[in-house]
file my_file.cif (mmCIF, C-alpha atoms)
data_work
#
loop_
_atom_site.label_atom_id
_atom_site.label_comp_id
_atom_site.auth_asym_id
_atom_site.auth_seq_id
_atom_site.Cartn_x
_atom_site.Cartn_y
_atom_site.Cartn_z
CA MET A 1 144.98 -67.14 -69.01
CA ALA A 2 142.48 -65.34 -71.27
CA SER A 3 140.31 -67.50 -73.50
CA TYR A 4 139.52 -66.33 -77.06
CA ASP A 5 137.34 -67.59 -79.88
CA TYR A 6 140.39 -67.62 -82.17
CA ASP A 7 144.15 -67.34 -81.83
CA LEU A 8 144.37 -65.22 -84.97
CA PHE A 9 141.61 -63.27 -86.69
CA VAL A 10 142.49 -61.97 -90.15
CA ILE A 11 140.59 -59.04 -91.69
CA GLY A 12 140.91 -59.32 -95.45
CA ALA A 13 141.26 -62.37 -97.71
CA GLY A 14 143.74 -60.94 -100.18
CA SER A 15 147.07 -62.52 -101.01
CA GLY A 16 148.74 -61.54 -97.73
CA GLY A 17 145.77 -62.30 -95.51
CA VAL A 18 145.14 -65.73 -97.00
CA ARG A 19 148.84 -66.69 -96.88
CA ALA A 20 149.08 -65.61 -93.24
CA ALA A 21 145.89 -67.47 -92.32
CA ARG A 22 146.94 -70.71 -94.03
CA THR A 23 150.50 -70.77 -92.73
CA ALA A 24 149.42 -69.84 -89.20
CA ALA A 25 146.78 -72.58 -89.24
CA ALA A 26 149.45 -75.05 -90.34
CA THR A 27 151.25 -74.42 -87.04
CA GLY A 28 148.17 -75.53 -85.13
CA VAL A 29 146.60 -72.21 -84.16
CA LYS A 30 142.91 -71.51 -84.61
CA VAL A 31 142.35 -68.98 -87.40
CA ALA A 32 139.42 -67.13 -88.95
CA VAL A 33 139.30 -64.76 -91.93
CA ALA A 34 136.65 -62.12 -92.61
CA GLU A 35 136.14 -60.82 -96.14
CA ASP A 36 133.27 -58.69 -97.41
CA ARG A 37 134.09 -58.62 -101.13
CA TYR A 38 136.08 -61.23 -102.97
CA LEU A 39 138.63 -63.88 -102.17
CA GLY A 40 142.11 -63.15 -103.48
CA GLY A 41 141.97 -59.40 -102.93
CA THR A 42 143.08 -56.74 -105.38
CA CYS A 43 145.59 -58.89 -107.27
CA VAL A 44 143.22 -61.67 -108.26
CA ASN A 45 140.10 -59.61 -108.82
CA VAL A 46 140.98 -56.09 -109.95
CA GLY A 47 144.76 -56.06 -110.23
CA CYS A 48 147.61 -58.25 -111.42
CA VAL A 49 145.61 -61.14 -112.84
CA PRO A 50 142.97 -59.39 -114.97
CA LYS A 51 145.49 -56.71 -115.95
CA LYS A 52 147.91 -59.32 -117.29
CA LEU A 53 145.10 -61.08 -119.16
CA TYR A 54 144.11 -57.77 -120.78
CA SER A 55 147.74 -57.07 -121.58
CA TYR A 56 147.97 -60.43 -123.35
CA ALA A 57 144.86 -59.52 -125.33
CA ALA A 58 146.32 -56.19 -126.37
CA HIS A 59 149.55 -57.78 -127.63
CA PHE A 60 147.64 -59.65 -130.34
CA HIS A 61 147.24 -56.35 -132.20
CA ASP A 62 151.01 -56.19 -132.80
CA ALA A 63 151.25 -59.93 -133.40
CA PHE A 64 148.75 -59.77 -136.28
CA GLU A 65 150.68 -56.93 -137.89
CA ASP A 66 154.08 -58.54 -137.33
CA SER A 67 153.03 -61.90 -138.81
CA SER A 68 153.02 -60.75 -142.43
CA GLY A 69 156.80 -60.46 -142.52
CA PHE A 70 156.98 -64.13 -141.57
CA GLY A 71 154.75 -65.21 -144.44
CA TRP A 72 151.35 -65.18 -142.78
CA THR A 73 148.33 -63.75 -144.57
CA ILE A 74 145.22 -63.00 -142.56
CA PRO A 75 142.23 -63.20 -144.96
CA GLN A 76 140.33 -60.34 -143.34
CA ALA A 77 141.11 -57.60 -140.85
CA PRO A 78 141.02 -58.97 -137.27
CA SER A 79 138.23 -57.60 -135.10
CA PHE A 80 138.13 -57.34 -131.34
CA ASP A 81 135.13 -58.16 -129.14
CA TRP A 82 135.34 -56.52 -125.72
CA ALA A 83 132.52 -58.58 -124.22
CA THR A 84 134.33 -61.85 -124.95
CA LEU A 85 137.50 -60.71 -123.21
CA ARG A 86 135.60 -59.22 -120.28
CA ASP A 87 133.36 -62.22 -119.72
CA ASN A 88 136.14 -64.79 -120.12
CA LYS A 89 138.12 -62.81 -117.55
CA ILE A 90 135.14 -62.95 -115.17
CA GLU A 91 134.97 -66.74 -115.45
CA GLU A 92 138.71 -67.10 -114.83
CA ILE A 93 138.48 -64.97 -111.69
CA LYS A 94 135.56 -67.04 -110.44
CA ARG A 95 137.77 -70.10 -110.85
CA LEU A 96 140.56 -68.45 -108.85
CA ASN A 97 138.11 -67.34 -106.15
CA GLY A 98 137.10 -70.97 -105.78
CA ILE A 99 140.73 -72.04 -105.43
CA TYR A 100 141.27 -69.53 -102.62
CA ASN A 101 138.15 -70.79 -100.90
CA ARG A 102 139.36 -74.39 -101.10
CA LEU A 103 142.81 -73.40 -99.84
CA LEU A 104 141.28 -71.88 -96.71
CA GLU A 105 138.97 -74.83 -96.18
CA GLY A 106 141.83 -77.29 -96.63
CA ALA A 107 143.90 -75.42 -94.05
CA GLY A 108 141.07 -75.52 -91.52
CA VAL A 109 140.57 -71.75 -91.56
CA THR A 110 137.07 -70.43 -90.81
CA LEU A 111 135.87 -68.04 -93.52
CA ILE A 112 133.35 -65.38 -92.50
CA ASN A 113 131.63 -63.30 -95.17
CA GLY A 114 131.36 -59.75 -93.91
CA ARG A 115 133.26 -56.56 -93.12
CA ALA A 116 134.94 -56.84 -89.74
CA LYS A 117 135.33 -53.87 -87.41
CA VAL A 118 137.84 -53.83 -84.59
CA VAL A 119 136.03 -53.02 -81.33
CA ASP A 120 138.90 -53.49 -78.88
CA ALA A 121 142.42 -54.89 -78.76
CA HIS A 122 141.14 -58.49 -78.79
CA ALA A 123 137.72 -58.31 -80.42
CA VAL A 124 136.06 -57.64 -83.75
CA GLU A 125 132.45 -57.33 -84.81
CA VAL A 126 131.22 -59.00 -87.99
CA ASN A 127 127.59 -59.04 -89.10
CA GLY A 128 126.55 -57.90 -85.63
CA GLU A 129 128.45 -60.71 -83.87
CA ARG A 130 131.31 -60.04 -81.46
CA ILE A 131 134.29 -62.37 -81.96
CA THR A 132 137.40 -62.43 -79.79
CA ALA A 133 140.97 -63.24 -80.79
CA GLU A 134 144.36 -63.18 -79.17
CA LYS A 135 145.73 -61.37 -82.21
CA ILE A 136 144.01 -59.47 -85.02
CA LEU A 137 145.68 -59.07 -88.41
CA VAL A 138 144.66 -56.16 -90.64
CA ALA A 139 145.27 -57.10 -94.27
CA VAL A 140 142.60 -55.08 -96.09
CA GLY A 141 144.81 -53.68 -98.85
CA GLY A 142 144.20 -50.44 -100.68
CA TRP A 143 141.35 -48.73 -102.48
CA PRO A 144 141.47 -46.37 -105.49
CA TRP A 145 141.00 -42.67 -104.94
CA THR A 146 140.12 -39.91 -107.39
CA PRO A 147 141.30 -36.29 -107.03
CA GLU A 148 138.78 -33.48 -106.75
CA PHE A 149 137.88 -31.63 -109.94
CA GLU A 150 134.68 -30.66 -111.69
CA GLY A 151 133.08 -33.76 -113.22
CA ASN A 152 135.23 -36.34 -111.44
CA GLU A 153 132.06 -38.39 -110.97
CA TYR A 154 132.30 -39.29 -114.67
CA THR A 155 135.59 -41.13 -114.19
CA VAL A 156 136.04 -44.84 -113.53
CA ASN A 157 138.67 -46.20 -111.19
CA SER A 158 141.05 -49.15 -111.55
CA ASN A 159 138.52 -51.47 -109.86
CA GLN A 160 135.84 -50.63 -112.40
CA VAL A 161 137.77 -50.37 -115.67
CA PHE A 162 137.86 -54.14 -116.28
CA ASP A 163 134.08 -54.42 -116.49
CA LEU A 164 132.94 -51.52 -118.67
CA ASP A 165 129.67 -52.25 -120.45
CA GLU A 166 130.99 -51.01 -123.78
CA PHE A 167 134.49 -50.78 -125.22
CA PRO A 168 135.61 -47.12 -125.21
CA LYS A 169 136.90 -46.27 -128.66
CA ARG A 170 138.41 -43.10 -127.20
CA PHE A 171 140.08 -43.68 -123.84
CA LEU A 172 141.89 -41.31 -121.47
CA VAL A 173 143.97 -42.22 -118.42
CA LEU A 174 144.83 -39.73 -115.70
CA GLY A 175 148.02 -40.61 -113.81
CA GLY A 176 151.66 -41.54 -114.22
CA GLY A 177 152.18 -44.72 -112.21
CA TYR A 178 152.06 -48.43 -113.01
CA ILE A 179 148.30 -48.58 -113.53
CA ALA A 180 148.08 -45.49 -115.72
CA VAL A 181 150.92 -46.50 -118.03
CA GLU A 182 149.70 -50.08 -118.29
CA PHE A 183 146.11 -49.21 -119.16
CA ALA A 184 147.12 -46.57 -121.69
CA SER A 185 149.07 -49.32 -123.46
CA ILE A 186 146.33 -51.92 -123.05
CA PHE A 187 143.52 -49.85 -124.53
CA ASN A 188 145.78 -48.59 -127.29
CA GLY A 189 146.61 -52.20 -128.15
CA LEU A 190 142.94 -53.18 -128.10
CA GLY A 191 142.24 -50.55 -130.71
CA ALA A 192 141.19 -47.45 -128.81
CA GLU A 193 142.50 -43.94 -129.36
CA ALA A 194 144.41 -43.73 -126.10
CA HIS A 195 145.52 -40.65 -124.17
CA LEU A 196 147.58 -40.41 -120.99
CA VAL A 197 147.50 -37.20 -118.95
CA TYR A 198 150.10 -36.68 -116.24
CA ARG A 199 150.96 -33.59 -114.22
CA GLY A 200 154.71 -34.33 -114.22
CA ALA A 201 157.28 -34.03 -116.97
CA LEU A 202 157.65 -37.82 -117.27
CA PHE A 203 155.72 -40.82 -115.94
CA LEU A 204 156.91 -43.69 -113.68
CA ARG A 205 158.59 -41.52 -111.06
CA GLY A 206 161.18 -43.52 -109.11
CA PHE A 207 162.19 -45.71 -112.04
CA ASP A 208 165.50 -45.34 -113.84
CA HIS A 209 165.36 -42.13 -115.89
CA GLU A 210 166.71 -43.70 -119.07
CA VAL A 211 164.09 -46.46 -118.77
CA ARG A 212 161.35 -43.84 -118.39
CA GLU A 213 162.48 -41.90 -121.45
CA PHE A 214 162.87 -45.04 -123.56
CA THR A 215 159.39 -46.26 -122.54
CA ARG A 216 157.89 -42.85 -123.35
CA ASP A 217 159.32 -42.96 -126.86
CA GLU A 218 158.27 -46.56 -127.53
CA MET A 219 154.72 -45.97 -126.28
CA ALA A 220 154.42 -42.86 -128.43
CA LYS A 221 155.59 -44.84 -131.48
CA LYS A 222 152.80 -47.34 -130.82
CA GLY A 223 150.26 -44.52 -130.90
CA VAL A 224 149.62 -43.57 -127.26
CA ASN A 225 148.98 -39.82 -127.02
CA LEU A 226 151.03 -38.50 -124.10
CA HIS A 227 150.10 -35.23 -122.39
CA PHE A 228 152.72 -34.28 -119.79
CA GLU A 229 152.87 -31.32 -117.42
CA THR A 230 149.12 -30.90 -117.42
CA ASN A 231 146.11 -32.12 -115.48
CA ILE A 232 142.36 -32.46 -115.81
CA GLU A 233 140.58 -29.21 -115.02
CA ARG A 234 137.05 -30.50 -115.62
CA ILE A 235 134.99 -33.17 -117.34
CA ARG A 236 131.59 -32.48 -118.85
CA LYS A 237 129.14 -34.95 -120.30
CA VAL A 238 128.30 -34.03 -123.90
CA GLU A 239 126.28 -35.64 -126.64
CA GLY A 240 129.29 -37.44 -128.11
CA GLY A 241 130.78 -38.66 -124.85
CA LEU A 242 132.92 -36.83 -122.29
CA GLU A 243 134.53 -33.46 -122.90
CA VAL A 244 137.79 -33.25 -120.97
CA THR A 245 139.42 -29.86 -120.45
CA LEU A 246 143.05 -29.89 -119.42
CA THR A 247 144.80 -27.24 -117.33
CA ASN A 248 146.89 -26.27 -120.38
CA GLY A 249 143.68 -25.31 -122.21
CA GLU A 250 143.55 -28.37 -124.46
CA GLN A 251 140.17 -30.10 -124.90
CA LEU A 252 139.66 -33.76 -125.70
CA GLU A 253 136.46 -35.71 -126.35
CA VAL A 254 136.58 -39.31 -125.17
CA ASP A 255 134.27 -42.17 -124.23
CA ALA A 256 135.83 -43.08 -120.87
CA VAL A 257 138.25 -41.58 -118.36
CA LEU A 258 140.23 -43.79 -115.99
CA ALA A 259 141.47 -42.05 -112.84
CA ALA A 260 144.62 -44.06 -112.13
CA THR A 261 145.88 -41.72 -109.44
CA GLY A 262 146.86 -44.26 -106.81
CA ARG A 263 145.42 -46.38 -104.04
CA ARG A 264 145.13 -45.63 -100.34
CA PRO A 265 144.84 -47.97 -97.34
CA HIS A 266 141.26 -49.21 -97.04
CA LEU A 267 141.01 -48.42 -93.31
CA GLU A 268 137.81 -46.39 -93.23
CA GLY A 269 135.28 -47.79 -90.77
CA LEU A 270 137.70 -50.41 -89.47
CA GLY A 271 137.70 -48.98 -85.95
CA LEU A 272 141.46 -48.62 -85.59
CA ASP A 273 141.17 -44.91 -84.80
CA THR A 274 139.15 -45.65 -81.65
CA LEU A 275 142.00 -47.85 -80.38
CA GLY A 276 144.62 -45.21 -81.07
CA VAL A 277 146.56 -47.30 -83.57
CA GLU A 278 149.39 -45.07 -84.76
CA LEU A 279 149.64 -44.19 -88.45
CA ASN A 280 152.52 -43.02 -90.60
CA THR A 281 152.39 -39.62 -92.28
CA ASP A 282 150.87 -41.23 -95.38
CA ASN A 283 148.06 -42.77 -93.26
CA THR A 284 149.47 -46.27 -93.47
CA ILE A 285 149.70 -48.33 -90.28
CA ARG A 286 153.01 -48.02 -88.42
CA VAL A 287 154.40 -51.46 -87.57
CA ASN A 288 157.63 -52.91 -86.19
CA GLU A 289 159.62 -55.79 -87.71
CA ARG A 290 157.15 -58.24 -86.12
CA TYR A 291 154.32 -56.46 -87.98
CA GLU A 292 152.85 -55.27 -84.68
CA SER A 293 151.11 -51.90 -84.55
CA SER A 294 151.26 -49.56 -81.55
CA VAL A 295 148.60 -51.86 -80.08
CA PRO A 296 150.67 -55.10 -79.91
CA SER A 297 147.73 -57.45 -80.47
CA ILE A 298 146.82 -55.61 -83.70
CA LEU A 299 149.04 -56.75 -86.57
CA ALA A 300 149.17 -55.45 -90.14
CA LEU A 301 150.82 -56.29 -93.46
CA GLY A 302 150.62 -55.61 -97.19
CA ASP A 303 149.54 -52.37 -98.78
CA VAL A 304 148.23 -50.96 -95.48
CA ILE A 305 151.74 -50.63 -93.99
CA GLY A 306 153.26 -48.48 -96.72
CA GLY A 307 155.85 -50.79 -98.27
CA PRO A 308 156.09 -51.79 -101.93
CA GLU A 309 152.52 -52.41 -103.12
CA LEU A 310 153.31 -55.76 -104.70
CA THR A 311 151.65 -59.14 -104.18
CA PRO A 312 154.93 -61.05 -103.64
CA VAL A 313 155.86 -58.54 -100.93
CA ALA A 314 152.59 -59.18 -99.08
CA LEU A 315 153.19 -62.93 -99.37
CA ALA A 316 156.72 -62.59 -97.98
CA GLU A 317 155.45 -60.40 -95.14
CA ALA A 318 152.80 -62.98 -94.29
CA MET A 319 155.41 -65.74 -94.03
CA HIS A 320 157.63 -63.54 -91.89
CA LEU A 321 154.75 -62.54 -89.62
CA VAL A 322 153.80 -66.16 -88.97
CA GLN A 323 157.41 -67.09 -88.24
CA HIS A 324 157.64 -64.25 -85.73
CA HIS A 325 154.43 -65.10 -83.89
CA TYR A 326 153.98 -68.85 -84.32
CA GLY A 327 157.30 -70.24 -85.57
CA ASP A 328 160.04 -72.11 -83.74
CA LYS A 329 162.77 -69.64 -84.70
CA THR A 330 162.69 -65.86 -84.77
CA PRO A 331 163.61 -64.61 -88.25
CA GLY A 332 165.55 -61.46 -88.96
CA PRO A 333 163.74 -58.44 -90.43
CA LEU A 334 162.44 -58.86 -93.97
CA ASP A 335 164.88 -57.51 -96.54
CA TYR A 336 163.10 -55.06 -98.82
CA GLN A 337 166.19 -54.41 -100.95
CA ASN A 338 166.47 -55.66 -104.52
CA ILE A 339 162.80 -56.51 -105.00
CA ALA A 340 162.20 -57.01 -108.71
CA THR A 341 159.13 -55.58 -110.39
CA ALA A 342 157.56 -55.30 -113.82
CA VAL A 343 155.30 -52.82 -115.56
CA PHE A 344 153.08 -54.47 -118.18
CA CYS A 345 152.95 -51.54 -120.54
CA HIS A 346 153.86 -52.10 -124.19
CA PRO A 347 156.72 -52.81 -124.39
CA ASN A 348 157.10 -54.28 -120.88
CA ILE A 349 159.48 -52.96 -118.23
CA GLY A 350 161.41 -55.22 -115.86
CA THR A 351 163.68 -53.83 -113.17
CA VAL A 352 165.59 -54.87 -110.07
CA GLY A 353 167.95 -53.01 -107.76
CA LEU A 354 169.09 -49.42 -108.04
CA SER A 355 168.43 -46.98 -110.82
CA GLU A 356 171.42 -45.17 -112.29
CA GLU A 357 170.42 -42.06 -110.34
CA GLU A 358 170.16 -43.93 -107.02
CA ALA A 359 173.48 -45.67 -107.59
CA ARG A 360 175.26 -42.38 -108.28
CA GLU A 361 173.99 -41.03 -104.96
CA ARG A 362 174.99 -44.14 -103.02
CA PHE A 363 178.40 -45.03 -104.47
CA GLY A 364 181.53 -43.05 -105.19
CA ALA A 365 181.66 -44.17 -108.80
CA VAL A 366 179.47 -46.32 -111.03
CA ARG A 367 179.78 -47.91 -114.42
CA ILE A 368 176.84 -48.13 -116.83
CA TYR A 369 176.53 -50.80 -119.50
CA SER A 370 173.58 -50.59 -121.87
CA ALA A 371 172.30 -51.98 -125.14
CA ASP A 372 169.59 -50.34 -127.25
CA PHE A 373 168.78 -52.59 -130.18
CA ARG A 374 166.16 -53.87 -132.60
CA PRO A 375 165.23 -57.41 -131.50
CA MET A 376 165.82 -60.23 -133.97
CA LYS A 377 162.06 -60.81 -134.25
CA HIS A 378 161.59 -57.39 -135.80
CA THR A 379 164.18 -57.85 -138.54
CA LEU A 380 161.37 -59.62 -140.42
CA SER A 381 158.26 -58.19 -138.79
CA GLY A 382 158.92 -54.70 -140.10
CA SER A 383 158.25 -53.17 -136.68
CA ASP A 384 160.58 -50.41 -135.51
CA GLU A 385 160.14 -51.43 -131.84
CA ARG A 386 163.41 -51.41 -129.94
CA CYS A 387 164.64 -53.03 -126.73
CA LEU A 388 166.72 -51.50 -123.93
CA MET A 389 168.88 -53.46 -121.49
CA LYS A 390 170.99 -51.86 -118.81
CA LEU A 391 173.34 -52.85 -115.98
CA VAL A 392 174.37 -50.50 -113.18
CA VAL A 393 177.69 -51.48 -111.55
CA ASP A 394 179.38 -50.23 -108.39
CA ASP A 395 182.86 -49.46 -109.68
CA ALA A 396 184.69 -50.19 -106.41
CA SER A 397 183.25 -53.68 -105.82
CA ASP A 398 182.34 -54.56 -109.44
CA ARG A 399 178.95 -55.65 -108.05
CA VAL A 400 175.90 -55.35 -110.31
CA VAL A 401 173.56 -53.19 -108.22
CA GLY A 402 170.82 -52.62 -110.80
CA ALA A 403 169.43 -54.32 -113.91
CA HIS A 404 166.76 -52.85 -116.15
CA MET A 405 165.00 -53.88 -119.33
CA VAL A 406 162.33 -52.48 -121.64
CA GLY A 407 161.14 -54.98 -124.21
CA ASP A 408 159.12 -58.13 -124.85
CA GLU A 409 158.70 -60.30 -121.73
CA ALA A 410 160.95 -58.01 -119.67
CA GLY A 411 159.41 -59.27 -116.43
CA GLU A 412 160.16 -62.88 -117.32
CA THR A 413 163.79 -62.02 -118.10
CA ILE A 414 164.43 -59.84 -115.07
CA GLN A 415 163.08 -62.48 -112.66
CA GLY A 416 166.17 -64.57 -113.34
CA ILE A 417 168.51 -61.59 -113.30
CA ALA A 418 167.03 -60.60 -109.92
CA ILE A 419 168.57 -63.71 -108.34
CA ALA A 420 171.99 -62.62 -109.53
CA VAL A 421 171.55 -59.07 -108.26
CA ARG A 422 170.29 -60.26 -104.89
CA ALA A 423 173.21 -62.69 -104.65
CA GLN A 424 175.53 -59.69 -105.15
CA LEU A 425 177.19 -61.13 -108.23
CA THR A 426 179.73 -58.97 -110.03
CA LYS A 427 179.99 -57.75 -113.58
CA THR A 428 182.84 -60.26 -113.93
CA ASP A 429 180.35 -63.02 -112.99
CA PHE A 430 177.94 -61.77 -115.64
CA ASP A 431 180.73 -61.66 -118.24
CA ALA A 432 181.80 -65.21 -117.37
CA THR A 433 178.29 -66.54 -118.00
CA VAL A 434 177.81 -68.11 -121.42
CA GLY A 435 174.73 -66.72 -123.11
CA ILE A 436 171.83 -68.53 -124.73
CA HIS A 437 171.87 -67.75 -128.44
CA PRO A 438 169.93 -66.35 -130.15
CA THR A 439 167.96 -64.59 -127.40
CA ALA A 440 167.54 -61.00 -126.37
CA ALA A 441 168.39 -61.97 -122.78
CA GLU A 442 171.96 -62.91 -123.75
CA GLU A 443 172.70 -59.20 -124.00
CA PHE A 444 172.86 -59.12 -120.20
CA VAL A 445 175.98 -61.33 -120.30
CA THR A 446 177.60 -59.94 -123.45
CA MET A 447 177.65 -56.21 -122.67
CA ARG A 448 181.41 -55.67 -122.50
CA SER A 449 181.70 -52.07 -123.74
CA LEU A 450 181.31 -49.41 -121.09
CA THR A 451 178.54 -46.98 -121.98
CA ARG A 452 179.50 -44.30 -119.44
CA ARG A 453 180.89 -43.74 -115.98
#
call {"tool": "encode", "arguments": {"input": "my_file.cif", "output": "structure tokens"}}
result
Amino acid sequence: MASYDYDLFVIGAGSGGVRAARTAAATGVKVAVAEDRYLGGTCVNVGCVPKKLYSYAAHFHDAFEDSSGFGWTIPQAPSFDWATLRDNKIEEIKRLNGIYNRLLEGAGVTLINGRAKVVDAHAVEVNGERITAEKILVAVGGWPWTPEFEGNEYTVNSNQVFDLDEFPKRFLVLGGGYIAVEFASIFNGLGAEAHLVYRGALFLRGFDHEVREFTRDEMAKKGVNLHFETNIERIRKVEGGLEVTLTNGEQLEVDAVLAATGRRPHLEGLGLDTLGVELNTDNTIRVNERYESSVPSILALGDVIGGPELTPVALAEAMHLVQHHYGDKTPGPLDYQNIATAVFCHPNIGTVGLSEEEARERFGAVRIYSADFRPMKHTLSGSDERCLMKLVVDDASDRVVGAHMVGDEAGETIQGIAIAVRAQLTKTDFDATVGIHPTAAEEFVTMRSLTRR
């Protein structure tokens, strides 16, 4: 029987890699993790965590304005200090990095600082040292990419935007996905003149169309300048900042441009090509339900395999992978249906299940229940912000197959609704649930009037 330095060698100490390493080690196998950047991966360092902290910061802008209707007087105009937010965020991430380090140490996992390269089916090289392992797990996540156009070197990517030296008073985002929409809202809320440029007719492709339109209108009301069906032709550095020319001929002068045009698997230089590891058409690693690549000893999970690019998905995949390879019982394939998600734009989006468009394609007939209303909070605040809630129901079974919300704390609300959707509860079950009053969330159990079929 072959002898290896480790039973499992994990490349990448992000959420998925760390969870796989810890849970595998708990079964008694010998595990090592190699990481050349930061513990916690994208989510902790340049993703979910700092983004949510910045989103919280941006919400204070509205809170200060809304408070006057409730009797509060702020003696002087609030001012925002970018350096305080940025540096406090840095300290919080350092704290989280330390927690990840202690989690690995406590699990008995060996942590190696360095970029690992796969040299054969059972060996990696790190810092010039060859290390063998029965199985190698690739969990390196994604990396931002920027499209080619004149002056693209003047853009910053989603890894860099958190740590700008100076606050950009005029900010432009290129893109139409989660990151683009969120940062347009964040910088608008922090006080910048914010622009979003997207080549399509409407951002957040793949989301429910009504949700997309509602979000567009609410963001525009808050002051985000939306430029659809256009792209960046070139960027030039000028005395006042950056001159951005769009393909529709419009010119904008801004202080910073964020290229939020997506992330790609961070596989460059990893050595997988020399082993002939098969890739999907989008250059993600092709795996089976055991998370094995075409080279069975090379495993992969998370953003590198092309599924939903969400931290909880990587965590679930890690648990499944360990059960497959080191558990007592073989689990069934991971169910990727009805995974809830949130977009932390302003207002927030929370969604689970099928969009109205997807449901119409899948079922013979659907029923749509929706509520578009001014939240109770804003009856005194003076704000004209509105909230949208929506249920998509399969008419034949009465099952709620989709739930969507745009409004304050939408992600918090939809997390609970997601349990009901995953449990395949019916509209009758929703109607039989007594609401919590007065809350916005009670609308999900009081929508009795059919909006449309």
call {"tool": "residues_around", "arguments": {"input": "my_file.cif", "residues": "segment 258-266 of chain A", "least_positions_apart": "2", "cutoff": "9 Å", "atoms": "all atoms listed in the file", "output": "ChimeraX atom specification"}}
result
/A:140-147,152,155-158,160-161,171-181,183,256,268-270,282-285,303-306
call {"tool": "resolve_selection", "arguments": {"input": "my_file.cif", "expression": "the PyMOL selection byres ((chain A and resi 424) around 12)", "output": "NGL selection string"}}
result
:A and (337-338 or 353 or 393-394 or 397-403 or 417-423 or 425-430)
call {"tool": "resolve_selection", "arguments": {"input": "my_file.cif", "expression": "the PyMOL selection byres ((chain A and resi 28) around 10)", "output": "list of chain:residue names"}}
result
A:Asp7, A:Thr23, A:Ala24, A:Ala25, A:Ala26, A:Thr27, A:Val29, A:Lys30, A:Val31, A:Ala107, A:Gly108, A:Tyr326
call {"tool": "resolve_selection", "arguments": {"input": "my_file.cif", "expression": "the PyMOL selection byres ((chain A and resi 81-87) around 8)", "output": "list in words"}}
result
Tyr54, Ala57, Ser79, Phe80, Asn88, Lys89, Ile90, Glu91, Phe162, Asp163, Asp165, Glu166 and Phe167 of chain A
call {"tool": "closest_atom_pairs", "arguments": {"input": "my_file.cif", "of": "segment 192-226 of chain A", "to": "segment 237-254 of chain A", "cutoff": "10 Å", "atoms": "only C-alpha atoms", "output": "JSON lines"}}
result
{"residue": "A:Glu193", "atom": "CA", "partner": "A:Val254", "partner_atom": "CA", "distance": 8.6}
{"residue": "A:Ala194", "atom": "CA", "partner": "A:Val254", "partner_atom": "CA", "distance": 9.0}
{"residue": "A:His195", "atom": "CA", "partner": "A:Val254", "partner_atom": "CA", "distance": 9.1}
{"residue": "A:Val197", "atom": "CA", "partner": "A:Leu246", "partner_atom": "CA", "distance": 8.6}
{"residue": "A:Arg199", "atom": "CA", "partner": "A:Thr247", "partner_atom": "CA", "distance": 9.4}
call {"tool": "residues_around", "arguments": {"input": "my_file.cif", "residues": "Arg453 of chain A", "least_positions_apart": "5", "cutoff": "8 Å", "atoms": "all atoms listed in the file", "output": "PyMOL selection string"}}
result
chain A and resi 365-368
call {"tool": "axis_aligned_box", "arguments": {"input": "my_file.cif", "around": "segment 408-419 of chain A", "padding_each_side": "6 Å", "output": "lines of an AutoDock Vina configuration file"}}
result
center_x = 163.6
center_y = -61.3
center_z = -116.6
size_x = 21.9
size_y = 18.6
size_z = 28.5
call {"tool": "residues_near_point", "arguments": {"input": "my_file.cif", "point": "(151.1, -46.5, -87.4)", "cutoff": "12 Å", "atoms": "all atoms listed in the file", "output": "short mmCIF file (atom, residue, chain, number, x, y, z; two decimals) with C-alpha atoms, in the coordinates of the input"}}
result
data_model
loop_
_atom_site.label_atom_id
_atom_site.label_comp_id
_atom_site.auth_asym_id
_atom_site.auth_seq_id
_atom_site.Cartn_x
_atom_site.Cartn_y
_atom_site.Cartn_z
CA PRO A 265 144.84 -47.97 -97.34
CA LEU A 267 141.01 -48.42 -93.31
CA LEU A 272 141.46 -48.62 -85.59
CA ASP A 273 141.17 -44.91 -84.80
CA LEU A 275 142.00 -47.85 -80.38
CA GLY A 276 144.62 -45.21 -81.07
CA VAL A 277 146.56 -47.30 -83.57
CA GLU A 278 149.39 -45.07 -84.76
CA LEU A 279 149.64 -44.19 -88.45
CA ASN A 280 152.52 -43.02 -90.60
CA THR A 281 152.39 -39.62 -92.28
CA ASP A 282 150.87 -41.23 -95.38
CA ASN A 283 148.06 -42.77 -93.26
CA THR A 284 149.47 -46.27 -93.47
CA ILE A 285 149.70 -48.33 -90.28
CA ARG A 286 153.01 -48.02 -88.42
CA VAL A 287 154.40 -51.46 -87.57
CA ASN A 288 157.63 -52.91 -86.19
CA TYR A 291 154.32 -56.46 -87.98
CA GLU A 292 152.85 -55.27 -84.68
CA SER A 293 151.11 -51.90 -84.55
CA SER A 294 151.26 -49.56 -81.55
CA VAL A 295 148.60 -51.86 -80.08
CA PRO A 296 150.67 -55.10 -79.91
CA ILE A 298 146.82 -55.61 -83.70
CA LEU A 299 149.04 -56.75 -86.57
CA ALA A 300 149.17 -55.45 -90.14
CA LEU A 301 150.82 -56.29 -93.46
CA VAL A 304 148.23 -50.96 -95.48
CA ILE A 305 151.74 -50.63 -93.99
CA GLY A 306 153.26 -48.48 -96.72
#
call {"tool": "residues_around", "arguments": {"input": "my_file.cif", "residues": "Thr439 of chain A", "least_positions_apart": "3", "cutoff": "12 Å", "atoms": "only C-alpha atoms", "output": "list in words"}}
result
Pro375, Met376, Lys377, Asp408, Glu409, Thr413, Gly435, Ile436, Glu442, Glu443, Phe444, Val445 and Thr446 of chain A
call {"tool": "residues_around", "arguments": {"input": "my_file.cif", "residues": "Ile93 of chain A", "least_positions_apart": "6", "cutoff": "9 Å", "atoms": "all atoms listed in the file", "output": "PDB file with C-alpha atoms, in the coordinates of the input"}}
result
ATOM      1  CA  VAL A  44     143.220 -61.670-108.260  1.00  0.00           C
ATOM      2  CA  ASN A  45     140.100 -59.610-108.820  1.00  0.00           C
ATOM      3  CA  VAL A  49     145.610 -61.140-112.840  1.00  0.00           C
ATOM      4  CA  PRO A  50     142.970 -59.390-114.970  1.00  0.00           C
TER       5      PRO A  50
END
